[in-house]
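> So here's query.txt (compact mmCIF, C-alpha atoms).
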```
# COMPACT_ATOMS: atom_id res chain seq x y z
CA MET B 158 -33.57 -60.67 90.06
CA SER B 159 -30.11 -59.12 89.51
CA VAL B 160 -29.79 -60.78 86.07
CA LEU B 161 -33.18 -59.38 85.04
CA SER B 162 -32.25 -55.91 86.30
CA SER B 163 -28.90 -56.05 84.45
CA THR B 164 -30.61 -56.93 81.15
CA LYS B 165 -33.12 -54.09 81.60
CA ALA B 166 -30.32 -51.59 82.31
CA GLN B 167 -28.44 -52.78 79.20
CA LEU B 168 -31.60 -52.33 77.09
CA GLN B 169 -32.04 -48.79 78.44
CA MET B 170 -28.37 -48.03 77.69
CA ILE B 171 -28.81 -49.30 74.11
CA GLU B 172 -31.97 -47.21 73.75
CA ILE B 173 -30.17 -44.07 74.95
CA LEU B 174 -27.27 -44.77 72.60
CA MET B 175 -29.67 -45.22 69.67
CA VAL B 176 -31.45 -41.94 70.47
CA VAL B 177 -28.08 -40.16 70.68
CA ALA B 178 -27.02 -41.75 67.36
CA VAL B 179 -30.25 -40.62 65.63
CA PHE B 180 -29.82 -37.12 67.13
CA VAL B 181 -26.21 -36.94 65.88
CA VAL B 182 -27.28 -38.10 62.40
CA ILE B 183 -30.02 -35.43 62.25
CA LEU B 184 -27.56 -32.81 63.49
CA LEU B 185 -24.97 -33.82 60.87
CA VAL B 186 -27.57 -33.71 58.06
CA GLY B 187 -28.60 -30.26 59.32
CA LEU B 188 -24.99 -29.05 59.39
CA VAL B 189 -24.34 -30.41 55.88
CA PHE B 190 -27.38 -28.53 54.55
CA TYR B 191 -26.41 -25.38 56.44
CA PHE B 192 -22.86 -25.33 55.06
CA LYS B 193 -24.12 -26.21 51.57
CA PHE B 194 -26.48 -23.21 51.60
CA ALA B 195 -23.84 -20.98 53.22
CA ALA B 196 -21.30 -21.92 50.50
CA GLN B 197 -23.93 -21.35 47.79
CA SER B 198 -24.78 -17.99 49.31
CA ILE B 199 -21.10 -16.92 49.39
CA HIS B 200 -20.64 -18.05 45.78
CA SER B 201 -23.75 -16.18 44.65
CA ALA B 202 -22.67 -13.08 46.63
CA GLY B 203 -19.31 -13.24 44.80
CA GLU B 204 -21.08 -13.44 41.42
CA ASN B 205 -23.35 -10.61 42.46
CA VAL B 206 -20.40 -8.39 43.43
CA CYS B 207 -18.83 -9.21 40.07
CA GLU B 208 -22.01 -8.35 38.15
CA VAL B 209 -22.55 -5.12 40.10
CA SER B 210 -18.95 -3.99 39.60
CA ASN B 211 -19.17 -4.73 35.87
CA THR B 212 -22.48 -2.87 35.56
CA VAL B 213 -20.79 0.10 37.24
CA LEU B 214 -17.86 -0.37 34.85
CA LEU B 215 -20.28 -0.15 31.87
CA THR B 216 -21.42 3.27 33.07
CA ALA B 217 -17.93 4.43 33.99
CA LEU B 218 -16.49 3.51 30.59
CA LEU B 219 -19.16 5.55 28.79
CA SER B 220 -17.94 8.67 30.57
CA ASN B 221 -14.24 7.86 30.31
CA PRO B 222 -12.55 10.97 28.83
CA GLU B 223 -10.10 8.69 26.99
CA MET B 224 -12.99 7.39 24.84
CA GLN B 225 -15.90 9.81 25.18
CA CYS B 226 -16.61 12.10 22.27
CA SER B 227 -16.74 15.82 22.70
CA SER B 228 -17.59 18.78 20.54
CA SER B 229 -16.03 22.21 21.28
CA GLY B 230 -15.18 21.08 24.80
CA HIS B 231 -18.76 19.89 25.39
CA GLU B 232 -18.94 16.18 26.26
CA GLU B 233 -21.56 14.05 24.50
CA ARG B 234 -23.03 10.66 25.40
CA CYS B 235 -21.14 8.70 22.75
CA LEU B 236 -17.74 7.12 22.09
CA ASP B 237 -15.22 8.52 19.62
CA THR B 238 -14.23 5.58 17.37
CA MET B 239 -10.85 7.10 16.60
CA ARG B 240 -10.03 7.40 20.30
CA LEU B 241 -11.08 3.76 20.77
CA LEU B 242 -8.18 2.72 18.52
CA PHE B 243 -5.64 4.20 20.92
CA VAL B 244 -7.08 3.26 24.32
CA LYS B 245 -4.41 1.93 26.66
CA ASN B 246 -4.37 0.69 30.27
CA LEU B 247 -8.10 0.90 30.79
CA GLN B 248 -9.03 0.49 34.46
CA THR B 249 -11.26 -2.56 35.00
CA THR B 250 -12.54 -4.38 38.08
CA ALA B 251 -10.20 -6.68 39.99
CA THR B 252 -13.01 -8.88 41.34
CA CYS B 253 -13.30 -11.06 38.21
CA ARG B 254 -11.77 -11.58 34.79
CA GLN B 255 -13.43 -9.85 31.86
CA LYS B 256 -13.07 -8.91 28.19
CA VAL B 257 -14.18 -5.45 27.09
CA SER B 258 -14.98 -4.40 23.55
CA VAL B 259 -17.14 -1.98 21.56
CA VAL B 260 -19.15 -3.50 18.72
CA GLN B 261 -20.80 -1.56 15.91
CA VAL B 262 -24.37 -2.79 15.28
CA LEU B 263 -25.60 -0.47 12.49
CA PRO B 264 -24.30 -1.50 10.05
CA ALA B 265 -23.05 -4.71 11.69
CA ASP B 266 -19.45 -5.59 10.92
CA ASN B 267 -17.38 -8.42 12.43
CA ARG B 268 -13.96 -7.16 11.35
CA THR B 269 -11.59 -6.15 14.13
CA CYS B 270 -10.56 -2.50 14.11
CA THR B 271 -6.92 -1.52 13.98
CA THR B 272 -5.22 1.62 12.70
CA VAL B 273 -4.94 -0.21 9.35
CA THR B 274 -8.54 -1.49 8.98
CA TYR B 275 -10.31 1.60 10.41
CA PRO B 276 -13.00 2.70 9.49
CA ASP B 277 -13.98 -0.43 7.50
CA CYS B 278 -14.45 -2.55 10.62
CA GLY B 279 -16.88 -3.01 13.50
CA VAL B 280 -15.18 -4.53 16.57
CA TYR B 281 -12.98 -2.36 18.81
CA PRO B 282 -11.19 -4.59 21.36
CA LEU B 283 -10.36 -2.64 24.52
CA VAL B 284 -9.31 -5.01 27.31
CA ASN B 285 -8.06 -8.64 27.31
CA ALA B 286 -9.10 -9.23 23.70
CA ASN B 287 -7.25 -12.55 23.53
CA LEU B 288 -8.80 -14.13 26.63
CA THR B 289 -11.08 -17.15 26.14
CA PHE B 290 -13.46 -18.33 28.84
CA SER B 291 -14.88 -21.84 29.22
CA SER B 292 -18.06 -20.31 30.61
CA SER B 293 -19.05 -16.67 30.62
CA TYR B 294 -21.94 -14.23 30.56
CA ILE B 295 -22.29 -10.95 28.69
CA LEU B 296 -23.26 -7.51 29.95
CA SER B 297 -23.84 -4.88 27.31
CA THR B 298 -25.34 -1.46 26.83
CA PRO B 299 -26.20 0.56 23.70
CA VAL B 300 -23.87 3.39 22.83
CA GLY B 301 -23.56 5.99 20.08
CA LEU B 302 -20.38 5.78 18.00
CA TYR B 303 -18.87 8.93 16.52
CA PHE B 304 -16.76 8.92 13.35
CA PRO B 305 -14.72 12.15 13.30
CA LEU B 306 -13.52 11.67 9.70
CA THR B 307 -17.08 11.87 8.33
CA ASP B 308 -18.64 13.69 11.32
CA THR B 309 -21.36 11.03 11.56
CA TYR B 310 -22.83 8.97 14.39
CA THR B 311 -23.92 5.34 14.29
CA LEU B 312 -25.08 2.70 16.76
CA GLY B 313 -22.91 0.36 18.78
CA LYS B 314 -22.77 -1.67 21.96
CA LEU B 315 -20.29 -1.61 24.80
CA VAL B 316 -19.80 -5.28 25.63
CA ILE B 317 -18.25 -6.82 28.77
CA GLU B 318 -17.81 -10.60 28.71
CA VAL B 319 -17.33 -11.85 32.27
CA GLU B 320 -15.89 -15.22 33.26
CA ALA B 321 -18.56 -17.18 35.13
CA MET G 150 -38.51 -38.37 84.31
CA ARG G 151 -40.84 -40.96 82.91
CA LYS G 152 -40.07 -42.69 79.63
CA ALA G 153 -43.02 -41.03 77.84
CA GLN G 154 -41.81 -37.58 78.92
CA ILE G 155 -38.30 -38.29 77.56
CA GLU G 156 -39.79 -39.40 74.22
CA ILE G 157 -41.87 -36.21 73.96
CA LEU G 158 -38.70 -34.21 74.68
CA GLY G 159 -36.89 -36.07 71.86
CA LEU G 160 -39.75 -35.38 69.46
CA MET G 161 -39.69 -31.70 70.40
CA ILE G 162 -35.95 -31.50 69.66
CA ILE G 163 -36.54 -33.02 66.21
CA VAL G 164 -39.39 -30.57 65.48
CA ILE G 165 -37.23 -27.61 66.64
CA LEU G 166 -34.39 -28.78 64.36
CA LEU G 167 -36.78 -29.03 61.39
CA ILE G 168 -38.19 -25.53 62.02
CA PHE G 169 -34.64 -24.16 62.34
CA GLY G 170 -33.72 -25.79 59.01
CA LEU G 171 -36.77 -24.33 57.25
CA ILE G 172 -36.02 -20.83 58.62
CA LEU G 173 -32.45 -21.02 57.27
CA TYR G 174 -33.68 -22.28 53.87
CA PHE G 175 -36.18 -19.44 53.43
CA LYS G 176 -33.65 -16.88 54.67
CA PHE G 177 -31.12 -17.84 51.97
CA ALA G 178 -33.74 -18.21 49.21
CA ALA G 179 -35.37 -14.81 49.87
CA LYS G 180 -32.01 -12.98 50.13
CA SER G 181 -30.70 -14.07 46.71
CA SER G 182 -33.92 -13.41 44.74
CA SER G 183 -34.49 -9.83 46.00
CA SER G 184 -30.93 -8.62 45.28
CA ASP G 185 -31.05 -10.19 41.78
CA ASP G 186 -34.30 -8.33 40.98
CA LEU G 187 -32.79 -5.00 42.03
CA LEU G 188 -29.70 -5.53 39.88
CA GLN G 189 -31.74 -6.56 36.84
CA THR G 190 -33.95 -3.49 37.15
CA ALA G 191 -30.85 -1.26 37.37
CA GLU G 192 -29.37 -2.93 34.26
CA LYS G 193 -32.63 -2.48 32.30
CA ASN G 194 -32.87 1.20 33.30
CA LEU G 195 -29.29 1.75 32.15
CA GLU G 196 -29.99 -0.05 28.87
CA VAL G 197 -33.12 2.00 28.04
CA SER G 198 -31.47 5.30 28.98
CA ASN G 199 -28.41 4.58 26.81
CA LEU G 200 -30.56 3.20 23.99
CA LEU G 201 -32.53 6.46 23.66
CA SER G 202 -29.34 8.56 23.81
CA ALA G 203 -27.62 6.43 21.13
CA VAL G 204 -30.65 6.43 18.82
CA ARG G 205 -31.15 10.21 19.16
CA LEU G 206 -27.54 10.91 18.17
CA SER G 207 -27.37 8.50 15.21
CA THR G 208 -27.05 9.99 11.74
CA VAL G 209 -29.88 9.30 9.29
CA CYS G 210 -28.48 11.11 6.25
CA ASP G 211 -25.76 13.73 5.68
CA LYS G 212 -25.88 15.97 8.76
CA THR G 213 -29.38 14.94 9.79
CA SER G 214 -29.65 13.05 13.07
CA PHE G 215 -32.54 10.92 14.32
CA ASP G 216 -33.37 13.81 16.66
CA ASP G 217 -33.74 16.09 13.62
CA VAL G 218 -36.15 13.57 12.08
CA VAL G 219 -38.25 13.62 15.27
CA LYS G 220 -38.27 17.46 15.10
CA ALA G 221 -39.32 17.32 11.42
CA CYS G 222 -42.13 14.92 12.28
CA ASN G 223 -43.28 17.15 15.13
CA ASP G 224 -43.23 20.25 12.87
CA GLY G 225 -44.87 18.39 9.95
CA THR G 226 -41.89 19.07 7.66
CA PHE G 227 -39.47 16.98 5.57
CA ALA G 228 -36.12 15.44 6.51
CA CYS G 229 -33.70 13.68 4.14
CA GLU G 230 -36.19 14.52 1.34
CA LYS G 231 -38.88 12.41 2.99
CA GLU G 232 -41.93 13.18 5.08
CA GLY G 233 -40.73 13.43 8.70
CA CYS G 234 -43.13 11.00 10.40
CA THR G 235 -42.82 8.33 7.67
CA LEU G 236 -39.04 8.50 7.92
CA LEU G 237 -39.27 8.37 11.73
CA ARG G 238 -41.21 5.08 11.59
CA THR G 239 -38.77 3.34 9.22
CA GLU G 240 -35.60 4.65 10.89
CA LEU G 241 -36.85 3.79 14.40
CA SER G 242 -37.71 0.26 13.31
CA SER G 243 -34.30 -0.29 11.64
CA ARG G 244 -32.45 0.98 14.73
CA MET G 245 -34.38 -1.26 17.10
CA ASP G 246 -33.87 -4.24 14.75
CA ALA G 247 -30.12 -3.57 14.83
CA TYR G 248 -30.19 -4.12 18.62
CA GLY G 249 -32.36 -7.22 18.23
CA ILE G 250 -35.34 -5.50 19.89
CA ASN G 251 -38.52 -6.58 18.14
CA SER G 252 -41.60 -4.39 17.76
CA SER G 253 -43.49 -6.08 20.61
CA ARG G 254 -40.93 -4.90 23.18
CA TYR G 255 -41.06 -1.10 22.81
CA MET G 256 -43.32 1.89 22.18
CA PHE G 257 -42.18 5.28 20.89
CA PHE G 258 -44.26 8.40 21.43
CA VAL G 259 -43.96 11.98 20.19
CA GLY G 260 -46.49 13.76 22.39
CA GLU G 261 -49.57 11.54 22.37
CA GLU G 262 -48.88 10.01 18.95
CA MET G 263 -47.40 6.50 18.94
CA PHE G 264 -44.87 5.48 16.26
CA SER G 265 -44.72 1.76 16.97
CA PHE G 266 -46.93 -1.15 17.99
CA LYS G 267 -48.44 -1.41 21.45
CA CYS G 268 -46.49 -3.55 23.90
CA GLU G 269 -47.58 -5.05 27.17
CA GLY G 270 -45.95 -6.10 30.42
CA GLU G 271 -43.86 -4.17 32.89
CA HIS G 272 -42.56 -0.85 31.57
CA ILE G 273 -39.39 1.21 31.80
CA VAL G 274 -39.83 4.74 30.47
CA GLU G 275 -37.16 7.16 29.26
CA SER G 276 -38.17 10.55 27.90
CA TYR G 277 -37.09 14.06 26.96
CA ASN G 278 -38.88 17.29 26.09
CA MET G 279 -38.93 18.81 22.62
CA LYS G 280 -40.79 22.04 21.91
CA GLY G 281 -43.29 21.40 24.69
CA LYS G 282 -43.92 17.80 23.68
CA THR G 283 -42.62 14.73 25.47
CA VAL G 284 -40.69 12.26 23.34
CA LYS G 285 -40.91 8.94 25.12
CA LEU G 286 -39.38 5.49 24.69
CA VAL G 287 -41.27 2.81 26.62
CA PHE G 288 -39.49 -0.50 26.98
CA CYS G 289 -41.62 -3.55 27.82
CA TYR G 290 -40.22 -6.70 29.47
```
Kindly return the structure encoded in the file as structure tokens.


Amino acid sequence: MSVLSSTKAQLQMIEILMVVAVFVVILLVGLVFYFKFAAQSIHSAGENVCEVSNTVLLTALLSNPEMQCSSSGHEERCLDTMRLLFVKNLQTTATCRQKVSVVQVLPADNRTCTTVTYPDCGVYPLVNANLTFSSSYILSTPVGLYFPLTDTYTLGKLVIEVEA
Amino acid sequence: MRKAQIEILGLMIIVILLIFGLILYFKFAAKSSSSDDLLQTAEKNLEVSNLLSAVRLSTVCDKTSFDDVVKACNDGTFACEKEGCTLLRTELSSRMDAYGINSSRYMFFVGEEMFSFKCEGEHIVESYNMKGKTVKLVFCY
């Protein structure tokens, strides 16, 4: 009788241990998934903050008095190409690394603008021109470009390349 | 407690854990998609607003801007020695091409008259008034 009872108790103990083991496994799988999603969410929030701050930067740069064109003290919604040549210490976002440039699209021209090549050029590097990113995405917005020497306007894009 | 009752309790714990997991999954999935949509809409609005401003300012010939060509078209006069509305069509098309925007993605109106092809889908509209008429750029995406 006591041997039988001992075996039954052992079986019940094993059963309880197995249930606890299964419960722990399910709990661990749940925790792994939870932390995976939480990490993904934090990463995506970081990217989102970066994208938002760079979208704000796009707007802010267009109204930067160091680059914005003006006529008789009246500010216009365009960038003065001559001022772009002398832009220094432009304030960018600290949340992520980025390259900022202004590219002429009509007529398109791939030559980099310097005081020597201007106005026969089309790319005005503003910030971190020499940076290269292994993976990146581009935010851009159309902008009017003003040429004070000829008093003409053409089309361009303000481009921010952000490290992904 | 009887054995059957303990097993039902175990099953209930597993079901509760599964429901908890599903709630967390949908919470994270819904959060990321809604904030992305908002940001993309803001970026598109900014793009269309800046596009119209840039195009309006751009020089077509000598001291004649695209805005002047729109005025000439509206008044039925000439600009850059060409009929206003004809010049408007060609210059608009070349400017949109320069930005890689094909004709199926935008509509341009001066008043009720359309100077482009019809586009379909969701719209973002940017407009300004000129001599009582609304000049409108509709961007489809």

> Looking at all atoms listed in the file, which of G:Thr208, G:Thr283, G:Asn278, G:Asn251 is the one that sits closest to chain B?

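Closest to chain B of all the choices is G:Thr208.
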
> Give one line per residue of chain G that approaches chain B to at most 8 Å, naming the two atoms of the closest pair and their distance in Å to one decimal, counting only C-alpha atoms; sort by chain then ascending residue number and deliver it as CSV.


```
residue,atom,partner,partner_atom,distance
G:Ile163,CA,B:Phe180,CA,7.9
G:Leu166,CA,B:Gly187,CA,7.8
G:Gly170,CA,B:Gly187,CA,6.8
G:Leu173,CA,B:Tyr191,CA,7.5
G:Tyr174,CA,B:Phe194,CA,7.6
G:Phe177,CA,B:Ser198,CA,6.9
G:Ser181,CA,B:Ser201,CA,7.5
G:Asp185,CA,B:Asn205,CA,7.7
G:Leu188,CA,B:Val209,CA,7.2
G:Glu192,CA,B:Thr212,CA,7.0
G:Leu195,CA,B:Thr298,CA,7.4
G:Glu196,CA,B:Thr298,CA,5.3
G:Asn199,CA,B:Pro299,CA,5.5
G:Leu200,CA,B:Pro299,CA,5.1
G:Ser202,CA,B:Arg234,CA,6.8
G:Ala203,CA,B:Gly301,CA,4.2
G:Val204,CA,B:Leu312,CA,7.0
G:Leu206,CA,B:Tyr310,CA,6.3
G:Ser207,CA,B:Tyr310,CA,4.6
G:Thr208,CA,B:Tyr310,CA,5.1
G:Asp211,CA,B:Thr309,CA,7.8
G:Lys212,CA,B:Thr309,CA,7.3
G:Arg244,CA,B:Leu263,CA,7.4
G:Ala247,CA,B:Val262,CA,5.8
G:Tyr248,CA,B:Val262,CA,6.8
```

> Report, in Å with one decimal, the straight-line distance from CA of Phe258 (chain G) to CA of Met279 (chain G).

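Taking CA of Phe258 (chain G) as the start and CA of Met279 (chain G) as the end point, the length is 11.8 Å.
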
> Can you tell me how far CA of Leu286 (chain G) sits from CA of Glu232 (chain B), in Å to one decimal?

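About the pair CA of Leu286 (chain G) and CA of Glu232 (chain B): they are 23.1 Å apart.
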
> Report as a PyMOL selection string all protein, DNA and RNA residues lying within 6 Å of Gly279 (chain B), evaluated on only C-alpha atoms, omitting residues in the same chain fewer than 5 positions from it.

chain B and resi 260-261+266-268
